[in-house]
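Structure file coords33.txt (compact mmCIF, C-alpha atoms and all ligand atoms) follows.
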# COMPACT_ATOMS: atom_id res chain seq x y z
CA MET C 680 0.00 0.00 0.00
CA ASN C 681 1.55 3.36 -0.91
CA THR C 682 1.64 6.22 1.54
CA GLN C 683 -1.13 8.08 -0.19
CA THR C 684 -3.52 5.15 -0.03
CA ARG C 685 -2.60 4.56 3.56
CA SER C 686 -3.22 8.14 4.61
CA ARG C 687 -6.45 8.24 2.63
CA ARG C 688 -7.61 5.18 4.56
CA PHE C 689 -6.56 6.81 7.78
CA PHE C 690 -8.65 9.86 6.94
CA LEU C 691 -11.68 7.78 6.06
CA LYS C 692 -11.34 5.78 9.22
CA ALA C 693 -10.92 8.94 11.26
CA ALA C 694 -13.95 10.40 9.55
CA SER C 695 -16.18 7.48 10.38
CA LEU C 696 -14.92 7.36 13.97
CA LEU C 697 -15.64 11.03 14.44
CA GLY C 698 -18.94 10.85 12.65
CA VAL C 699 -17.87 13.76 10.48
CA SER C 700 -19.90 14.75 7.45
CA ALA C 701 -18.73 13.30 4.16
CA ALA C 702 -18.78 16.83 2.77
CA LEU C 703 -15.56 17.67 4.60
CA GLY C 704 -12.26 17.08 2.81
CA PRO C 705 -9.34 15.23 4.43
CA ALA C 706 -7.62 18.47 5.45
CA ASP C 707 -10.72 19.56 7.34
CA LEU C 708 -10.85 16.29 9.21
CA LEU C 709 -7.38 16.71 10.58
CA ALA C 710 -7.80 20.39 11.15
CA VAL C 711 -10.81 20.44 13.39
CA PRO C 712 -11.41 17.20 15.22
CA ASN C 713 -14.67 16.95 17.07
CA THR C 714 -13.70 17.66 20.64
CA ALA C 715 -14.89 16.92 24.10
CA SER C 716 -15.85 20.56 24.52
CA THR C 717 -18.33 20.24 21.66
CA ALA C 718 -20.14 17.55 23.59
CA ARG C 719 -19.84 19.45 26.86
CA TRP C 720 -21.70 22.48 25.56
CA ALA C 721 -24.23 20.65 23.42
CA HIS C 722 -26.92 21.13 26.04
CA LYS C 723 -26.56 24.88 26.03
CA GLY C 724 -28.32 25.45 22.74
CA VAL C 725 -26.58 28.76 22.02
CA ARG C 726 -28.08 30.60 19.07
CA PRO C 727 -25.40 30.47 16.35
CA LEU C 728 -24.04 33.85 15.45
CA SER C 729 -21.40 35.45 13.32
CA ILE C 730 -20.19 39.04 13.56
CA ALA C 731 -17.58 40.99 11.62
CA SER C 732 -16.27 44.43 10.86
CA ALA C 733 -18.63 46.43 8.62
CA ASN C 734 -17.06 45.04 5.44
CA GLY C 735 -18.21 41.57 6.54
CA LEU C 736 -21.89 41.53 5.51
CA GLU C 737 -21.35 38.78 2.96
CA SER C 738 -18.71 37.10 5.09
CA THR C 739 -21.01 36.67 8.09
CA ALA C 740 -23.80 35.41 5.81
CA ARG C 741 -21.46 32.81 4.34
CA ALA C 742 -20.16 31.86 7.78
CA MET C 743 -23.69 31.26 9.03
CA HIS C 744 -24.53 29.29 5.94
CA LEU C 745 -21.66 26.93 6.72
CA LEU C 746 -22.63 26.69 10.38
CA ARG C 747 -26.13 25.67 9.32
CA ASP C 748 -24.51 22.92 7.26
CA GLY C 749 -22.83 21.67 10.42
CA ARG C 750 -19.37 22.93 9.59
CA ASP C 751 -16.87 23.92 12.21
CA THR C 752 -16.72 27.58 13.27
CA LEU C 753 -13.18 27.96 11.90
CA ASP C 754 -14.23 26.65 8.47
CA ALA C 755 -17.10 29.13 8.61
CA VAL C 756 -15.21 32.32 9.49
CA ILE C 757 -12.33 31.62 7.12
CA ALA C 758 -14.67 30.89 4.21
CA GLY C 759 -16.40 34.14 5.14
CA VAL C 760 -13.31 36.34 4.98
CA ASN C 761 -12.05 34.61 1.83
CA ILE C 762 -14.78 36.56 0.00
CA VAL C 763 -13.13 39.84 0.98
CA GLU C 764 -9.57 38.55 0.47
CA ASP C 765 -10.51 37.56 -3.09
CA ASP C 766 -12.28 40.84 -3.86
CA PRO C 767 -10.06 43.15 -5.97
CA ASP C 768 -12.28 46.10 -5.06
CA ASP C 769 -11.53 45.88 -1.34
CA GLN C 770 -8.22 47.70 -1.11
CA THR C 771 -7.58 46.86 2.53
CA VAL C 772 -7.52 43.07 2.48
CA GLY C 773 -5.96 40.33 0.32
CA TYR C 774 -5.88 40.64 -3.47
CA GLY C 775 -6.11 44.29 -4.49
CA GLY C 776 -4.90 45.52 -1.08
CA LEU C 777 -2.90 48.74 -1.04
CA PRO C 778 0.83 48.03 -1.10
CA ASN C 779 3.73 49.08 1.13
CA GLU C 780 5.89 52.08 0.30
CA ASP C 781 7.82 50.02 -2.27
CA GLY C 782 4.62 49.08 -4.09
CA GLU C 783 4.58 45.50 -2.74
CA VAL C 784 1.41 44.07 -1.20
CA GLU C 785 2.18 42.51 2.20
CA LEU C 786 -0.59 40.65 3.99
CA ASP C 787 -1.16 39.72 7.64
CA SER C 788 -3.62 37.30 9.20
CA CYS C 789 -4.26 35.12 12.20
CA VAL C 790 -6.83 32.51 13.15
CA MET C 791 -7.90 30.87 16.41
CA HIS C 792 -9.88 27.70 16.88
CA GLY C 793 -11.60 27.73 20.27
CA PRO C 794 -12.44 24.03 20.72
CA THR C 795 -8.81 22.96 20.33
CA GLY C 796 -7.26 26.11 21.79
CA ARG C 797 -5.00 26.48 18.78
CA GLY C 798 -3.96 29.46 16.72
CA GLY C 799 -1.75 30.41 13.81
CA GLY C 800 -0.65 33.51 11.96
CA VAL C 801 1.36 34.92 9.09
CA ALA C 802 2.75 38.41 8.73
CA ALA C 803 4.23 40.43 5.86
CA LEU C 804 3.31 37.61 3.50
CA ARG C 805 3.68 38.43 -0.20
CA ASN C 806 2.13 36.90 -3.33
CA ILE C 807 -0.52 34.74 -1.64
CA LYS C 808 -3.98 36.22 -1.70
CA ASN C 809 -5.52 34.25 1.16
CA PRO C 810 -3.24 34.75 4.16
CA SER C 811 -6.00 33.40 6.41
CA LEU C 812 -5.63 29.99 4.76
CA VAL C 813 -1.87 30.07 5.27
CA ALA C 814 -2.38 31.13 8.90
CA ARG C 815 -4.63 28.13 9.36
CA ARG C 816 -2.01 25.90 7.76
CA VAL C 817 0.61 27.23 10.19
CA MET C 818 -1.75 26.28 13.01
CA GLU C 819 -2.44 22.81 11.63
CA ARG C 820 0.79 21.76 10.03
CA SER C 821 3.57 23.26 12.11
CA ASP C 822 4.51 23.38 15.74
CA HIS C 823 4.67 27.17 15.49
CA VAL C 824 2.14 29.93 15.85
CA LEU C 825 3.50 32.75 13.69
CA LEU C 826 5.57 32.79 10.49
CA VAL C 827 6.68 36.02 8.82
CA GLY C 828 7.96 37.34 5.51
CA GLU C 829 10.09 35.01 3.38
CA GLY C 830 9.65 32.18 5.87
CA ALA C 831 5.88 32.43 5.64
CA LEU C 832 6.08 32.46 1.85
CA HIS C 833 8.35 29.39 1.79
CA PHE C 834 5.93 27.59 4.05
CA ALA C 835 2.98 28.56 1.84
CA ARG C 836 4.84 27.38 -1.28
CA ALA C 837 5.63 24.07 0.40
CA HIS C 838 1.91 23.64 0.98
CA GLY C 839 1.05 24.30 -2.62
CA PHE C 840 -0.37 27.81 -2.32
CA ARG C 841 -0.31 29.53 -5.68
CA GLU C 842 1.76 32.70 -6.00
CA GLU C 843 0.31 35.62 -7.90
CA ASN C 844 0.75 39.33 -8.28
CA LEU C 845 -1.61 40.89 -5.74
CA LEU C 846 -1.17 44.47 -6.92
CA THR C 847 -4.17 45.50 -9.02
CA ASP C 848 -3.95 48.49 -11.36
CA ALA C 849 -6.32 50.47 -9.13
CA ALA C 850 -4.15 49.89 -6.05
CA ARG C 851 -0.97 50.65 -8.01
CA GLU C 852 -2.46 53.95 -9.22
CA ARG C 853 -3.30 54.98 -5.67
CA TRP C 854 0.17 54.04 -4.47
CA LEU C 855 1.72 56.03 -7.33
CA ARG C 856 -0.35 59.14 -6.42
CA TRP C 857 0.83 58.81 -2.84
CA LYS C 858 4.46 58.46 -3.89
CA GLU C 859 4.29 61.31 -6.34
CA THR C 860 2.92 63.72 -3.78
CA LEU C 861 5.01 62.57 -0.83
CA SER C 862 7.56 65.32 -1.05
CA ASN C 863 8.12 68.33 -3.25
CA GLU C 864 11.86 67.85 -2.99
CA ASP C 865 12.25 64.54 -4.73
CA ASP C 866 12.16 63.58 -8.40
CA TRP C 867 8.70 62.02 -8.50
CA LEU C 868 6.08 64.27 -10.12
CA PRO C 869 2.33 63.87 -10.28
CA PRO C 870 0.61 64.31 -13.64
CA HIS C 871 0.30 67.87 -14.88
CA GLY C 872 -2.65 69.72 -13.31
CA PHE C 873 -2.92 67.32 -10.42
CA GLU C 874 -4.60 68.85 -7.37
CA ASP C 875 -4.07 67.95 -3.79
CA ARG C 876 -7.65 66.87 -3.23
CA ASP C 877 -7.17 64.31 -5.99
CA LEU C 878 -4.87 62.46 -3.66
CA GLY C 879 -7.85 60.23 -3.36
CA MET C 880 -9.79 62.25 -0.82
CA ASN C 881 -12.88 61.86 -2.98
CA HIS C 882 -12.65 58.13 -2.82
CA PRO C 883 -15.30 56.81 -0.39
CA ASP C 884 -12.57 55.32 1.81
CA MET C 885 -10.93 58.69 2.10
CA GLN C 886 -13.62 60.75 3.74
CA GLU C 887 -13.04 62.69 6.91
CA GLU C 888 -13.20 59.62 9.08
CA SER C 889 -10.36 57.93 7.22
CA ARG C 890 -8.32 61.06 7.46
CA ARG C 891 -8.86 61.02 11.18
CA GLU C 892 -7.92 57.37 11.31
CA ALA C 893 -4.72 58.17 9.49
CA GLY C 894 -4.08 60.29 12.54
CA TRP C 895 -0.47 61.15 12.76
CA ARG C 896 -0.30 62.40 9.20
CA ASP C 897 -3.78 63.23 8.12
CA GLU C 898 -2.41 65.61 5.51
CA ARG C 899 -1.91 62.47 3.47
CA ALA C 900 -4.66 59.91 3.58
CA ARG C 901 -3.25 56.59 4.75
CA PRO C 902 -6.21 54.24 4.45
CA THR C 903 -6.44 51.35 6.82
CA GLY C 904 -8.94 48.53 6.81
CA THR C 905 -9.14 44.90 7.74
CA ILE C 906 -11.73 42.23 8.23
CA ASN C 907 -12.27 40.49 11.53
CA CYS C 908 -14.90 37.74 11.65
CA LEU C 909 -16.01 35.73 14.69
CA ALA C 910 -18.55 32.92 15.08
CA VAL C 911 -20.14 30.84 17.79
CA ASP C 912 -22.14 27.73 16.96
CA ALA C 913 -25.03 26.01 18.70
CA ASN C 914 -22.58 24.04 20.84
CA GLY C 915 -20.97 27.23 22.11
CA ASP C 916 -17.82 26.54 20.11
CA ILE C 917 -16.06 29.66 18.91
CA SER C 918 -13.49 30.63 16.27
CA GLY C 919 -12.17 33.82 14.75
CA VAL C 920 -10.01 35.24 12.00
CA THR C 921 -8.48 38.61 11.18
CA THR C 922 -6.96 39.39 7.78
CA THR C 923 -5.57 42.59 6.25
CA SER C 924 -3.17 44.27 3.88
CA GLY C 925 -2.44 46.59 6.81
CA LEU C 926 -1.65 50.26 6.72
CA ALA C 927 -1.37 51.54 3.15
CA PHE C 928 2.16 52.49 2.06
CA LYS C 929 3.70 51.17 5.27
CA ILE C 930 7.41 50.63 5.71
CA PRO C 931 8.16 47.19 4.22
CA GLY C 932 8.05 44.59 6.95
CA ARG C 933 5.76 46.68 9.16
CA VAL C 934 3.48 44.40 11.16
CA ALA C 935 0.78 45.65 13.50
CA ASP C 936 -2.04 44.01 15.41
CA SER C 937 -3.88 41.93 12.81
CA PRO C 938 -1.68 38.78 12.75
CA ILE C 939 -0.86 38.94 16.46
CA ILE C 940 -2.87 36.66 18.68
CA GLY C 941 -4.05 38.67 21.66
CA ALA C 942 -4.00 41.92 19.67
CA GLY C 943 -5.91 41.52 16.37
CA LEU C 944 -7.80 38.46 17.57
CA TYR C 945 -8.35 36.36 20.64
CA VAL C 946 -10.60 33.37 21.25
CA ASP C 947 -11.16 31.49 24.47
CA ASN C 948 -13.72 28.76 23.98
CA ALA C 949 -14.80 29.00 27.61
CA VAL C 950 -15.58 32.72 27.35
CA GLY C 951 -15.84 34.32 23.91
CA ALA C 952 -13.86 36.04 21.18
CA ALA C 953 -12.73 39.51 20.19
CA GLY C 954 -11.05 41.12 17.21
CA SER C 955 -10.03 44.51 15.94
CA THR C 956 -9.59 46.88 13.03
CA GLY C 957 -8.12 50.37 12.94
CA ARG C 958 -4.75 51.76 14.01
CA GLY C 959 -2.85 48.59 14.71
CA GLU C 960 0.08 50.21 16.47
CA ALA C 961 -2.19 51.39 19.29
CA ASN C 962 -3.79 48.01 19.64
CA LEU C 963 -0.47 46.21 19.52
CA LEU C 964 0.64 48.17 22.56
CA ALA C 965 -2.56 47.30 24.44
CA LEU C 966 -3.22 43.69 23.34
CA SER C 967 -6.87 44.62 23.35
CA SER C 968 -8.47 41.44 22.04
CA PHE C 969 -6.99 39.52 24.95
CA LEU C 970 -8.08 42.29 27.30
CA ILE C 971 -11.65 42.19 25.95
CA VAL C 972 -11.94 38.44 26.42
CA GLU C 973 -10.59 38.78 29.96
CA ARG C 974 -13.18 41.51 30.67
CA MET C 975 -15.93 39.22 29.38
CA ARG C 976 -14.57 36.45 31.60
CA MET C 977 -15.08 38.84 34.51
CA GLY C 978 -18.70 39.33 33.46
CA ASP C 979 -18.63 42.34 31.12
CA HIS C 980 -21.11 42.46 28.26
CA PRO C 981 -19.17 42.35 24.94
CA THR C 982 -19.99 46.02 24.24
CA ASP C 983 -18.68 47.13 27.64
CA ALA C 984 -15.57 45.01 27.21
CA CYS C 985 -14.90 46.66 23.82
CA LEU C 986 -15.42 50.12 25.32
CA HIS C 987 -13.03 49.23 28.10
CA ALA C 988 -10.36 48.47 25.48
CA CYS C 989 -10.96 51.84 23.76
CA ARG C 990 -10.62 53.60 27.10
CA ARG C 991 -7.43 51.72 27.88
CA ILE C 992 -5.89 52.84 24.58
CA ALA C 993 -6.90 56.44 25.28
CA GLU C 994 -5.27 56.27 28.72
CA GLN C 995 -2.17 54.63 27.35
CA THR C 996 -1.53 57.03 24.46
CA LYS C 997 0.78 59.82 25.58
CA MET C 998 2.42 60.97 22.36
CA LYS C 999 1.30 64.51 21.49
CA ARG C 1000 1.29 63.83 17.74
CA LEU C 1001 -1.44 61.24 18.34
CA LEU C 1002 -3.67 63.56 20.38
CA ASP C 1003 -5.82 66.50 19.34
CA GLU C 1004 -6.03 69.84 21.15
CA ASN C 1005 -8.49 68.31 23.65
CA GLY C 1006 -6.18 65.41 24.41
CA ARG C 1007 -8.36 62.98 22.49
CA LEU C 1008 -7.04 60.29 20.18
CA LYS C 1009 -6.53 61.43 16.61
CA PHE C 1010 -7.04 57.93 15.28
CA ASN C 1011 -9.69 55.27 15.38
CA VAL C 1012 -9.61 51.70 16.64
CA ASN C 1013 -12.60 49.36 16.47
CA PHE C 1014 -13.32 46.24 18.47
CA TYR C 1015 -15.84 43.44 17.93
CA ALA C 1016 -16.73 40.77 20.46
CA LEU C 1017 -19.10 37.93 21.12
CA ASP C 1018 -19.45 35.63 24.08
CA LYS C 1019 -20.30 32.03 24.63
CA ASP C 1020 -23.93 32.84 25.31
CA GLY C 1021 -24.31 34.44 21.89
CA ARG C 1022 -24.23 38.05 23.11
CA HIS C 1023 -22.31 40.45 20.92
CA GLY C 1024 -21.16 44.05 20.70
CA ALA C 1025 -18.63 46.42 19.21
CA ALA C 1026 -17.05 49.75 20.06
CA SER C 1027 -14.84 52.35 18.42
CA VAL C 1028 -12.93 55.30 19.69
CA TRP C 1029 -14.88 57.63 17.37
CA PRO C 1030 -18.60 57.37 16.58
CA GLY C 1031 -20.00 56.45 13.19
CA LYS C 1032 -18.66 52.93 12.86
CA GLN C 1033 -20.82 49.87 12.32
CA TYR C 1034 -20.37 46.13 12.45
CA ALA C 1035 -21.95 43.23 10.59
CA VAL C 1036 -24.14 40.70 12.35
CA ASN C 1037 -25.80 37.52 11.19
CA ASP C 1038 -27.85 35.62 13.75
CA GLY C 1039 -29.47 33.18 11.42
CA ASN C 1040 -31.21 35.14 8.70
CA GLU C 1041 -30.35 34.82 5.04
CA LYS C 1042 -28.95 38.36 5.06
CA SER C 1043 -26.64 40.02 7.54
CA HIS C 1044 -27.27 43.49 8.88
CA LEU C 1045 -25.24 46.37 10.22
CA LEU C 1046 -25.45 47.63 13.80
CA ASP C 1047 -23.86 50.75 15.27
CA CYS C 1048 -20.69 50.39 17.32
CA ALA C 1049 -20.70 52.06 20.72
CA ALA C 1050 -18.18 54.91 20.87
CA LEU C 1051 -15.74 56.21 23.44
CA TYR C 1052 -16.14 59.83 22.32
CA GLU C 1053 -19.51 61.36 21.57
CA SER C 1054 -18.34 63.35 18.57
N1 LIG C 1101 -5.27 47.11 12.08
C1 LIG C 1101 -4.72 47.10 10.76
C2 LIG C 1101 -3.27 47.41 10.83
O1 LIG C 1101 -2.90 48.30 11.59
C3 LIG C 1101 -5.32 48.06 9.83
C4 LIG C 1101 -6.79 48.33 9.96
O2 LIG C 1101 -7.51 47.54 10.51
O3 LIG C 1101 -7.29 49.33 9.49
O4 LIG C 1101 -2.52 46.83 10.08
Please go through the file and, once you have read it, give me the structure as structure tokens.
Ligand code: ASP
Amino acid sequence: MNTQTRSRRFFLKAASLLGVSAALGPADLLAVPNTASTARWAHKGVRPLSIASANGLESTARAMHLLRDGRDTLDAVIAGVNIVEDDPDDQTVGYGGLPNEDGEVELDSCVMHGPTGRGGGVAALRNIKNPSLVARRVMERSDHVLLVGEGALHFARAHGFREENLLTDAARERWLRWKETLSNEDDWLPPHGFEDRDLGMNHPDMQEESRREAGWRDERARPTGTINCLAVDANGDISGVTTTSGLAFKIPGRVADSPIIGAGLYVDNAVGAAGSTGRGEANLLALSSFLIVERMRMGDHPTDACLHACRRIAEQTKMKRLLDENGRLKFNVNFYALDKDGRHGAASVWPGKQYAVNDGNEKSHLLDCAALYES
């Protein structure tokens, strides 16, 4: 018997022992074994739920669709965010994401699987449009939690991920505008007749709020954006994923909160899950997703836990360049959380943000995030 046949038999045997649906492929079987905790919580009858950042309307709908089919929460949230990673029109995640200052797209992601208490991440990964799938592979097929840069790419290649150019023409054009208007003392020139407001300020992503989020240099719009998606199933099992192309035009190799477990994402199957979008540097210094889950463990409602994290960042930020004349944060950070009982909430530093929720309907809807500042 060759190795392939043998492992195939092993998978089939494992599948029948675990009673896993035939719809799952071999990789899924190894990835998310049915666990004791699934059985432990079966009596709870939690209402399945998926939430995400506001760009996750379709993602949460797909996640819930998979949960209804009996799939694991990690399968569900990753399949959800793959929609946004694959979308060339979303310039903050995956394919079509805005590049670093050298014009190279570098992606970050991490995943956590509550029932098995595992997690994995990749940072500054080039040429692979679904970093969330590579993050999952790190979790499943290595004894490590985080791989970065070249190492992450080698690992992805070894696992058969296809390399492709992630820089779309639209993203390249925006990067070029940014580079051409960066300094009036270098040799790069914008096209004749180019006006400052054409920097992209008219682009929907570049409205006042984005300028505020850019914070420390709002004279030049530095769009950020990310998707975080969380899900809890009827057994109370929880998973989450965060995936991003990070801060536009960043210094090559810059990594912020999104691929860092505890910062961009945290899941504890006994409590709940939290994730973030927004200025990653601030969140990286506060490890807010971990903080939010700990607050929920102490009894906080998810919304209150998210607000607590916003407040902590405000207290922790001392640098003048990051504060306005009233001492308030010049940037935005957004947190999303759900708990094991199916409660959910979200909060931002500044008002006006929303998050996507799907609690079982065909379509997801947007709800307002609570805010630290009133206006
Ligand atoms: N948190 C991401 C980062 O700093 C960006 C974002 O969510 O807007 O890379």
Practice item. Using only C-alpha atoms, determine which residues lie at most 8 Å from Leu846 of chain C, disregarding the query and same-chain residues fewer than 2 positions distant; provide the list as a list in words. Key: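 Within the cut-off, the hits are Tyr774, Gly775, Gly776, Leu777, Pro778, Gly782, Glu783, Val784, Asn844, Asp848, Ala850 and Arg851 of chain C.
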Around segment 954-968 of chain C, with edges along x, y and z and 3 Å added on all six sides, what centre and edge lengths do you get, in Å to one decimal, as AutoDock Vina command-line options?
--center_x -5.2 --center_y 46.4 --center_z 18.7 --size_x 17.7 --size_y 16.6 --size_z 17.5
Study note, to complete from the structure: Asp1047 of chain C proximity check over C:Lys858, C:Arg747, C:His823, C:Lys1032, using only C-alpha atoms: winner is C:Lys1032
Practice item. Considering all atoms listed in the file, return as a PyMOL selection string whatever protein or nucleic-acid residues lie within 12 Å of Gln1033 of chain C, sequence-local ones (same chain, fewer than 2 positions apart) excluded. Key: chain C and resi 730-736+956+1013-1015+1024-1027+1029-1031+1035-1036+1044-1050
Around ligand LIG 1101 (chain C), out to 8 Å and counting all atoms listed in the file, which residues are there? I want them as a PDB file with C-alpha atoms, in the coordinates of the input.
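File result_30.pdb, as written:
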ATOM      1  CA  THR C 771      -7.580  46.860   2.530  1.00  0.00           C
ATOM      2  CA  ASP C 787      -1.160  39.720   7.640  1.00  0.00           C
ATOM      3  CA  PRO C 902      -6.210  54.240   4.450  1.00  0.00           C
ATOM      4  CA  THR C 903      -6.440  51.350   6.820  1.00  0.00           C
ATOM      5  CA  GLY C 904      -8.940  48.530   6.810  1.00  0.00           C
ATOM      6  CA  THR C 905      -9.140  44.900   7.740  1.00  0.00           C
ATOM      7  CA  ILE C 906     -11.730  42.230   8.230  1.00  0.00           C
ATOM      8  CA  THR C 923      -5.570  42.590   6.250  1.00  0.00           C
ATOM      9  CA  SER C 924      -3.170  44.270   3.880  1.00  0.00           C
ATOM     10  CA  GLY C 925      -2.440  46.590   6.810  1.00  0.00           C
ATOM     11  CA  LEU C 926      -1.650  50.260   6.720  1.00  0.00           C
ATOM     12  CA  VAL C 934       3.480  44.400  11.160  1.00  0.00           C
ATOM     13  CA  ALA C 935       0.780  45.650  13.500  1.00  0.00           C
ATOM     14  CA  ASP C 936      -2.040  44.010  15.410  1.00  0.00           C
ATOM     15  CA  SER C 937      -3.880  41.930  12.810  1.00  0.00           C
ATOM     16  CA  GLY C 943      -5.910  41.520  16.370  1.00  0.00           C
ATOM     17  CA  SER C 955     -10.030  44.510  15.940  1.00  0.00           C
ATOM     18  CA  THR C 956      -9.590  46.880  13.030  1.00  0.00           C
ATOM     19  CA  GLY C 957      -8.120  50.370  12.940  1.00  0.00           C
ATOM     20  CA  ARG C 958      -4.750  51.760  14.010  1.00  0.00           C
ATOM     21  CA  GLY C 959      -2.850  48.590  14.710  1.00  0.00           C
ATOM     22  CA  GLU C 960       0.080  50.210  16.470  1.00  0.00           C
ATOM     23  CA  ASN C 962      -3.790  48.010  19.640  1.00  0.00           C
ATOM     24  CA  VAL C1012      -9.610  51.700  16.640  1.00  0.00           C
TER      25      VAL C1012
END
Check your understanding: Between C:Leu1008, C:Leu963, C:Ala740, C:Ala988, which is the closest to Val760 of chain C once you count all atoms listed in the file?
Key ->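 Residue with the minimum atom-to-atom distance to Val760 of chain C: C:Ala740.
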Where does segment 887-1006 of chain C meet segment 807-815 of chain C within 8 Å, residue by residue, with the nearest atom pair and distance in Å to one decimal for each, counting all atoms listed in the file, listed by chain and rising number, as CSV?
residue,atom,partner,partner_atom,distance
C:Val920,CA,C:Ser811,CA,7.1
C:Thr921,CA,C:Ser811,CA,7.5
C:Thr922,CA,C:Ser811,CA,6.2
Check your understanding: In Å to one decimal, how far is atom CA of Glu829 of chain C from atom CA of Leu855 of chain C?
Key ->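 Between these atoms lies a distance of 25.0 Å.
Distances here use only C-alpha atoms; by that measure, the residue among C:Ala742, C:Gly919, C:Pro869, C:Ala952 closest to Pro938 of chain C is C:Gly919.
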Point to revise | Distance criterion (all atoms listed in the file): nearest to Ser729 of chain C out of C:Asp748, C:Val1028, C:Ala910, C:Ala803 | key: C:Ala910
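Residue nearest Thr847 of chain C within the list C:Asp1003, C:Asp983, C:Glu973, C:Asp765: C:Asp765 [criterion: smallest interatomic distance, only C-alpha atoms].
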Exercise for review: To one decimal in Å, tell me the separation between atom CA of Met975 of chain C and atom CA of Gly724 of chain C.
Suggested key: 19.7 Å
Practice item. Rounded to one decimal place, report the atom CA of Val763 of chain C-atom CA of Cys908 of chain C distance in Å. Key: 11.0 Å
**Study point:** Contact residues around Ala837 of chain C with only C-alpha atoms at 12 Å, ignoring same-chain residues under 5 positions, as a VMD selection string
**Key:** chain C and resid 813 816 to 817 820 to 821 830 to 832 842
Point to revise | Polymer residues at most 7 Å from Val725 of chain C, only C-alpha atoms, same-chain spacing of 4 or more positions, as a ChimeraX atom specification | key: /C:912-915,1020-1021
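Across C:Pro727, C:Gly932, C:Gly800, C:Gly773, the tightest approach to Ala835 of chain C is made by C:Gly800 when counting only C-alpha atoms.
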Residues near Ile971 of chain C, cut-off 9 Å, only C-alpha atoms, skip fewer than 4 positions along chain, as a compact mmCIF listing (two decimals) with C-alpha atoms, in the coordinates of the input:
# COMPACT_ATOMS: atom_id res chain seq x y z
CA TYR C 945 -8.35 36.36 20.64
CA ALA C 952 -13.86 36.04 21.18
CA ALA C 953 -12.73 39.51 20.19
CA GLY C 954 -11.05 41.12 17.21
CA LEU C 966 -3.22 43.69 23.34
CA SER C 967 -6.87 44.62 23.35
CA MET C 975 -15.93 39.22 29.38
CA ARG C 976 -14.57 36.45 31.60
CA ASP C 979 -18.63 42.34 31.12
CA PRO C 981 -19.17 42.35 24.94
CA ASP C 983 -18.68 47.13 27.64
CA ALA C 984 -15.57 45.01 27.21
CA CYS C 985 -14.90 46.66 23.82
CA LEU C 986 -15.42 50.12 25.32
CA HIS C 987 -13.03 49.23 28.10
CA ALA C 988 -10.36 48.47 25.48
CA PHE C 1014 -13.32 46.24 18.47
CA ALA C 1016 -16.73 40.77 20.46
